[in-house]
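Next comes input.pdb, a file with PDB, C-alpha atoms.
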```
ATOM      1  CA  MET A 237     120.170  19.382  60.281  1.00  0.00           C
ATOM      2  CA  GLY A 238     122.143  16.470  58.903  1.00  0.00           C
ATOM      3  CA  ARG A 239     124.277  16.291  55.794  1.00  0.00           C
ATOM      4  CA  MET A 240     122.759  15.168  52.522  1.00  0.00           C
ATOM      5  CA  HIS A 241     124.979  12.198  51.649  1.00  0.00           C
ATOM      6  CA  SER A 242     126.827  11.462  54.886  1.00  0.00           C
ATOM      7  CA  PHE A 243     126.164  10.865  58.550  1.00  0.00           C
ATOM      8  CA  GLY A 244     127.528  14.181  59.848  1.00  0.00           C
ATOM      9  CA  LYS A 245     125.348  16.467  61.949  1.00  0.00           C
ATOM     10  CA  GLY A 246     127.891  19.208  62.615  1.00  0.00           C
ATOM     11  CA  ILE A 247     126.851  22.824  62.986  1.00  0.00           C
ATOM     12  CA  SER A 248     130.335  24.262  63.305  1.00  0.00           C
ATOM     13  CA  ALA A 249     130.864  27.347  61.167  1.00  0.00           C
ATOM     14  CA  SER A 250     132.567  30.718  61.317  1.00  0.00           C
ATOM     15  CA  ALA A 251     130.399  33.524  62.670  1.00  0.00           C
ATOM     16  CA  LEU A 252     130.077  36.985  61.126  1.00  0.00           C
ATOM     17  CA  PRO A 253     130.882  39.966  63.373  1.00  0.00           C
ATOM     18  CA  TYR A 254     127.885  41.529  65.095  1.00  0.00           C
ATOM     19  CA  ARG A 255     128.772  45.044  63.903  1.00  0.00           C
ATOM     20  CA  ARG A 256     127.788  45.568  60.293  1.00  0.00           C
ATOM     21  CA  THR A 257     129.899  48.692  59.800  1.00  0.00           C
ATOM     22  CA  PRO A 258     133.398  48.472  58.289  1.00  0.00           C
ATOM     23  CA  PRO A 259     136.303  48.673  60.770  1.00  0.00           C
ATOM     24  CA  SER A 260     137.552  52.177  61.584  1.00  0.00           C
ATOM     25  CA  TRP A 261     141.111  51.365  60.442  1.00  0.00           C
ATOM     26  CA  LEU A 262     139.924  50.428  56.924  1.00  0.00           C
ATOM     27  CA  LYS A 263     140.637  53.474  54.738  1.00  0.00           C
ATOM     28  CA  ILE A 264     139.399  52.098  51.410  1.00  0.00           C
ATOM     29  CA  THR A 265     136.205  53.483  49.865  1.00  0.00           C
ATOM     30  CA  SER A 266     133.230  51.631  48.468  1.00  0.00           C
ATOM     31  CA  GLY A 267     134.070  52.595  44.883  1.00  0.00           C
ATOM     32  CA  GLU A 268     137.650  51.335  45.184  1.00  0.00           C
ATOM     33  CA  VAL A 269     136.422  47.972  46.486  1.00  0.00           C
ATOM     34  CA  SER A 270     133.966  47.686  43.571  1.00  0.00           C
ATOM     35  CA  GLU A 271     136.799  48.459  41.136  1.00  0.00           C
ATOM     36  CA  HIS A 272     138.973  45.767  42.754  1.00  0.00           C
ATOM     37  CA  VAL A 273     136.121  43.240  42.501  1.00  0.00           C
ATOM     38  CA  CYS A 274     135.525  44.014  38.813  1.00  0.00           C
ATOM     39  CA  LYS A 275     139.252  43.925  38.018  1.00  0.00           C
ATOM     40  CA  LEU A 276     139.636  40.501  39.649  1.00  0.00           C
ATOM     41  CA  ALA A 277     136.513  39.183  37.893  1.00  0.00           C
ATOM     42  CA  LYS A 278     137.944  40.249  34.516  1.00  0.00           C
ATOM     43  CA  LYS A 279     141.073  38.233  35.350  1.00  0.00           C
ATOM     44  CA  GLY A 280     138.841  35.164  35.667  1.00  0.00           C
ATOM     45  CA  PHE A 281     138.455  34.738  39.426  1.00  0.00           C
ATOM     46  CA  THR A 282     135.249  33.337  40.929  1.00  0.00           C
ATOM     47  CA  PRO A 283     133.304  35.376  43.535  1.00  0.00           C
ATOM     48  CA  SER A 284     134.640  33.279  46.436  1.00  0.00           C
ATOM     49  CA  GLN A 285     138.220  33.587  45.168  1.00  0.00           C
ATOM     50  CA  ILE A 286     137.722  37.356  44.912  1.00  0.00           C
ATOM     51  CA  GLY A 287     136.568  37.419  48.550  1.00  0.00           C
ATOM     52  CA  VAL A 288     139.631  35.455  49.689  1.00  0.00           C
ATOM     53  CA  ILE A 289     142.003  37.737  47.748  1.00  0.00           C
ATOM     54  CA  LEU A 290     140.391  40.890  49.160  1.00  0.00           C
ATOM     55  CA  ARG A 291     140.526  39.466  52.690  1.00  0.00           C
ATOM     56  CA  ASP A 292     144.145  38.278  52.519  1.00  0.00           C
ATOM     57  CA  SER A 293     145.772  40.987  50.378  1.00  0.00           C
ATOM     58  CA  HIS A 294     143.728  44.111  51.048  1.00  0.00           C
ATOM     59  CA  GLY A 295     142.408  43.568  54.589  1.00  0.00           C
ATOM     60  CA  ILE A 296     138.749  43.742  53.564  1.00  0.00           C
ATOM     61  CA  ALA A 297     137.045  41.176  55.799  1.00  0.00           C
ATOM     62  CA  GLN A 298     133.496  41.637  54.486  1.00  0.00           C
ATOM     63  CA  VAL A 299     132.838  43.319  51.143  1.00  0.00           C
ATOM     64  CA  LYS A 300     129.174  43.752  52.118  1.00  0.00           C
ATOM     65  CA  SER A 301     130.058  45.867  55.174  1.00  0.00           C
ATOM     66  CA  VAL A 302     132.152  48.246  53.038  1.00  0.00           C
ATOM     67  CA  THR A 303     130.077  48.498  49.849  1.00  0.00           C
ATOM     68  CA  GLY A 304     126.609  47.590  51.092  1.00  0.00           C
ATOM     69  CA  SER A 305     126.251  44.819  48.503  1.00  0.00           C
ATOM     70  CA  LYS A 306     127.756  41.376  48.118  1.00  0.00           C
ATOM     71  CA  ILE A 307     130.429  40.430  45.576  1.00  0.00           C
ATOM     72  CA  LEU A 308     128.035  38.590  43.256  1.00  0.00           C
ATOM     73  CA  ARG A 309     125.613  41.541  43.250  1.00  0.00           C
ATOM     74  CA  ILE A 310     128.463  43.892  42.337  1.00  0.00           C
ATOM     75  CA  LEU A 311     129.415  41.558  39.484  1.00  0.00           C
ATOM     76  CA  LYS A 312     125.806  41.307  38.277  1.00  0.00           C
ATOM     77  CA  GLY A 313     125.518  45.089  38.304  1.00  0.00           C
ATOM     78  CA  ASN A 314     128.571  45.360  36.056  1.00  0.00           C
ATOM     79  CA  GLY A 315     127.565  42.427  33.821  1.00  0.00           C
ATOM     80  CA  LEU A 316     130.468  40.238  34.969  1.00  0.00           C
ATOM     81  CA  ALA A 317     128.552  37.518  36.825  1.00  0.00           C
ATOM     82  CA  PRO A 318     129.273  33.918  35.768  1.00  0.00           C
ATOM     83  CA  ASP A 319     126.557  32.266  33.678  1.00  0.00           C
ATOM     84  CA  LEU A 320     126.465  29.204  35.973  1.00  0.00           C
ATOM     85  CA  PRO A 321     126.231  29.637  39.757  1.00  0.00           C
ATOM     86  CA  GLU A 322     129.529  28.815  41.447  1.00  0.00           C
ATOM     87  CA  ASP A 323     128.371  25.861  43.550  1.00  0.00           C
ATOM     88  CA  LEU A 324     126.707  24.193  40.567  1.00  0.00           C
ATOM     89  CA  TYR A 325     129.824  24.781  38.460  1.00  0.00           C
ATOM     90  CA  HIS A 326     132.069  23.083  41.040  1.00  0.00           C
ATOM     91  CA  LEU A 327     129.726  20.099  41.393  1.00  0.00           C
ATOM     92  CA  ILE A 328     129.761  19.628  37.609  1.00  0.00           C
ATOM     93  CA  LYS A 329     133.562  19.929  37.625  1.00  0.00           C
ATOM     94  CA  LYS A 330     133.753  17.238  40.323  1.00  0.00           C
ATOM     95  CA  ALA A 331     131.396  14.941  38.377  1.00  0.00           C
ATOM     96  CA  VAL A 332     133.529  15.345  35.233  1.00  0.00           C
ATOM     97  CA  ALA A 333     136.676  14.447  37.214  1.00  0.00           C
ATOM     98  CA  VAL A 334     135.042  11.339  38.718  1.00  0.00           C
ATOM     99  CA  ARG A 335     133.724  10.270  35.309  1.00  0.00           C
ATOM    100  CA  LYS A 336     137.218  10.664  33.828  1.00  0.00           C
ATOM    101  CA  HIS A 337     138.606   8.544  36.684  1.00  0.00           C
ATOM    102  CA  LEU A 338     135.962   5.885  36.004  1.00  0.00           C
ATOM    103  CA  GLU A 339     136.976   5.642  32.337  1.00  0.00           C
ATOM    104  CA  LYS A 340     140.439   4.497  33.443  1.00  0.00           C
ATOM    105  CA  ASN A 341     139.268   2.483  36.465  1.00  0.00           C
ATOM    106  CA  ARG A 342     136.163   0.603  35.377  1.00  0.00           C
ATOM    107  CA  LYS A 343     135.977  -1.633  38.466  1.00  0.00           C
ATOM    108  CA  ASP A 344     135.964   1.211  40.997  1.00  0.00           C
ATOM    109  CA  LYS A 345     132.486   0.628  42.426  1.00  0.00           C
ATOM    110  CA  ASP A 346     132.829   3.228  45.191  1.00  0.00           C
ATOM    111  CA  SER A 347     133.567   6.002  42.695  1.00  0.00           C
ATOM    112  CA  LYS A 348     130.590   4.915  40.641  1.00  0.00           C
ATOM    113  CA  PHE A 349     128.388   5.234  43.720  1.00  0.00           C
ATOM    114  CA  ARG A 350     129.886   8.631  44.596  1.00  0.00           C
ATOM    115  CA  LEU A 351     129.256   9.815  41.029  1.00  0.00           C
ATOM    116  CA  ILE A 352     125.578   8.954  41.448  1.00  0.00           C
ATOM    117  CA  LEU A 353     125.473  11.022  44.660  1.00  0.00           C
ATOM    118  CA  ILE A 354     127.262  13.974  43.015  1.00  0.00           C
ATOM    119  CA  GLU A 355     124.906  13.916  40.035  1.00  0.00           C
ATOM    120  CA  SER A 356     121.841  13.744  42.271  1.00  0.00           C
ATOM    121  CA  ARG A 357     123.119  16.870  44.061  1.00  0.00           C
ATOM    122  CA  ILE A 358     123.577  18.543  40.658  1.00  0.00           C
ATOM    123  CA  HIS A 359     119.977  17.715  39.678  1.00  0.00           C
ATOM    124  CA  ARG A 360     118.641  18.973  43.024  1.00  0.00           C
ATOM    125  CA  LEU A 361     120.600  22.217  42.787  1.00  0.00           C
ATOM    126  CA  ALA A 362     119.584  22.716  39.143  1.00  0.00           C
ATOM    127  CA  ARG A 363     115.932  22.293  40.127  1.00  0.00           C
ATOM    128  CA  TYR A 364     116.357  25.025  42.778  1.00  0.00           C
ATOM    129  CA  TYR A 365     118.143  27.392  40.377  1.00  0.00           C
ATOM    130  CA  LYS A 366     115.454  26.906  37.714  1.00  0.00           C
ATOM    131  CA  LYS A 367     112.795  27.720  40.297  1.00  0.00           C
ATOM    132  CA  THR A 368     114.619  30.899  41.362  1.00  0.00           C
ATOM    133  CA  LYS A 369     115.363  31.753  37.689  1.00  0.00           C
ATOM    134  CA  GLN A 370     119.153  31.792  38.095  1.00  0.00           C
ATOM    135  CA  VAL A 371     119.610  29.344  35.209  1.00  0.00           C
ATOM    136  CA  ALA A 372     117.518  29.008  32.056  1.00  0.00           C
ATOM    137  CA  PRO A 373     114.313  26.971  32.489  1.00  0.00           C
ATOM    138  CA  ASN A 374     115.410  24.609  29.702  1.00  0.00           C
ATOM    139  CA  TRP A 375     118.927  24.092  31.166  1.00  0.00           C
ATOM    140  CA  LYS A 376     119.670  20.427  31.757  1.00  0.00           C
ATOM    141  CA  TYR A 377     122.717  18.604  33.101  1.00  0.00           C
ATOM    142  CA  GLU A 378     123.954  15.955  30.702  1.00  0.00           C
ATOM    143  CA  SER A 379     127.112  13.995  31.423  1.00  0.00           C
ATOM    144  CA  SER A 380     128.067  13.962  27.734  1.00  0.00           C
ATOM    145  CA  THR A 381     128.165  17.769  27.482  1.00  0.00           C
ATOM    146  CA  ALA A 382     129.320  18.462  31.057  1.00  0.00           C
ATOM    147  CA  SER A 383     133.031  18.619  30.229  1.00  0.00           C
ATOM    148  CA  ALA A 384     132.330  21.465  27.773  1.00  0.00           C
ATOM    149  CA  LEU A 385     130.554  23.425  30.545  1.00  0.00           C
ATOM    150  CA  VAL A 386     133.554  23.413  32.884  1.00  0.00           C
ATOM    151  CA  SER A 387     136.412  23.813  30.413  1.00  0.00           C
TER
END
```
In structure tokens, what does this structure look like?
Amino acid sequence: MGRMHSFGKGISASALPYRRTPPSWLKITSGEVSEHVCKLAKKGFTPSQIGVILRDSHGIAQVKSVTGSKILRILKGNGLAPDLPEDLYHLIKKAVAVRKHLEKNRKDKDSKFRLILIESRIHRLARYYKKTKQVAPNWKYESSTASALVS
């Protein structure tokens, strides 16, 4: 499977361990992990940042193997899930940054082209999230209001 807006065909990725049980040396309980996740979410961390913090600071490689549910599901259960999905949020943030760059550098044709590609990815992702009911059916990306979404 190739990349959407480039020529790459790489399939390199990290692989999950075959065993789905938590390691025997991990002495933290499911409830403690859920508390950590909620505490970090209240501080304003995204689900992927929470996963990195738990992996690096607490030695929890996979939250799902310890708790039985993923980080985002834990957050949804406690009403702490972000209103926009994380990947869509970061694409909008990138589009806002490129648009800001283009205001200062009007002649940058390559950035203008890249902005078109970023926004087409946003529209494609938004269409998927509307279909799976993760964003409101009347939600629409507009470049004029995008900076308010990510600030």
Exercise on segment 369-379 of chain A, axis-aligned box with 3 Å per side, report centre and edge lengths in Å to one decimal, as JSON:
```
{"center_x": 120.7, "center_y": 22.9, "center_z": 33.9, "size_x": 18.8, "size_y": 23.8, "size_z": 14.4}
```
How would you write, as a count of residues only, the residues chosen by the PyMOL selection byres ((chain A and resi 278-284) around 9) on this structure? 17
Can you list what the PyMOL selection byres ((chain A and resi 261-269) around 10) grabs from this structure, as an mmCIF file with C-alpha atoms, keeping the file's coordinate frame?
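Wrote part31.cif, looks like this:
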```cif
data_model
loop_
_atom_site.group_PDB
_atom_site.id
_atom_site.type_symbol
_atom_site.label_atom_id
_atom_site.label_comp_id
_atom_site.auth_asym_id
_atom_site.auth_seq_id
_atom_site.Cartn_x
_atom_site.Cartn_y
_atom_site.Cartn_z
ATOM 1 C CA PRO A 258 133.398 48.472 58.289
ATOM 2 C CA PRO A 259 136.303 48.673 60.770
ATOM 3 C CA SER A 260 137.552 52.177 61.584
ATOM 4 C CA SER A 270 133.966 47.686 43.571
ATOM 5 C CA GLU A 271 136.799 48.459 41.136
ATOM 6 C CA HIS A 272 138.973 45.767 42.754
ATOM 7 C CA VAL A 273 136.121 43.240 42.501
ATOM 8 C CA CYS A 274 135.525 44.014 38.813
ATOM 9 C CA LYS A 275 139.252 43.925 38.018
ATOM 10 C CA LEU A 290 140.391 40.890 49.160
ATOM 11 C CA HIS A 294 143.728 44.111 51.048
ATOM 12 C CA GLY A 295 142.408 43.568 54.589
ATOM 13 C CA ILE A 296 138.749 43.742 53.564
ATOM 14 C CA ALA A 297 137.045 41.176 55.799
ATOM 15 C CA VAL A 299 132.838 43.319 51.143
ATOM 16 C CA LYS A 300 129.174 43.752 52.118
ATOM 17 C CA SER A 301 130.058 45.867 55.174
ATOM 18 C CA VAL A 302 132.152 48.246 53.038
ATOM 19 C CA THR A 303 130.077 48.498 49.849
ATOM 20 C CA GLY A 304 126.609 47.590 51.092
ATOM 21 C CA SER A 305 126.251 44.819 48.503
ATOM 22 C CA ILE A 307 130.429 40.430 45.576
ATOM 23 C CA ILE A 310 128.463 43.892 42.337
#
```
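Atom CA of Phe243 of chain A sits 27.2 Å away from atom CA of Arg342 of chain A.
Picture a line from atom CA of Leu327 of chain A to atom CA of Leu252 of chain A; it runs 26.0 Å.
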Hey, what's within 12 Å of Ser356 of chain A if we count only C-alpha atoms and toss same-chain stuff fewer than 6 positions away? As an mmCIF file with C-alpha atoms, in the frame of the given file, please?
```cif
data_model
loop_
_atom_site.group_PDB
_atom_site.id
_atom_site.type_symbol
_atom_site.label_atom_id
_atom_site.label_comp_id
_atom_site.auth_asym_id
_atom_site.auth_seq_id
_atom_site.Cartn_x
_atom_site.Cartn_y
_atom_site.Cartn_z
ATOM 1 C CA MET A 240 122.759 15.168 52.522
ATOM 2 C CA HIS A 241 124.979 12.198 51.649
ATOM 3 C CA LEU A 324 126.707 24.193 40.567
ATOM 4 C CA LEU A 327 129.726 20.099 41.393
ATOM 5 C CA ILE A 328 129.761 19.628 37.609
ATOM 6 C CA ALA A 331 131.396 14.941 38.377
ATOM 7 C CA PHE A 349 128.388 5.234 43.720
ATOM 8 C CA ARG A 350 129.886 8.631 44.596
ATOM 9 C CA ALA A 362 119.584 22.716 39.143
ATOM 10 C CA ARG A 363 115.932 22.293 40.127
ATOM 11 C CA TYR A 377 122.717 18.604 33.101
ATOM 12 C CA GLU A 378 123.954 15.955 30.702
#
```
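Between Ile354 of chain A and the residues A:Ser387, A:Thr257, A:Lys330, A:Arg291, the shortest atom-to-atom distance, using only C-alpha atoms, involves A:Lys330.
Across the structure, atom CA of Asp323 of chain A and atom CA of Leu361 of chain A are spaced 8.6 Å apart.
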A:Gln298, A:Ser248, A:Arg239, A:Arg255 ranked by distance to Arg357 of chain A, top pick (using only C-alpha atoms): A:Arg239
Could you check the closest approach to Thr368 of chain A for each of A:Pro321, A:Ser383, A:Pro253, A:Asp346 and tell me which residue wins, using all atoms listed in the file? A:Pro321
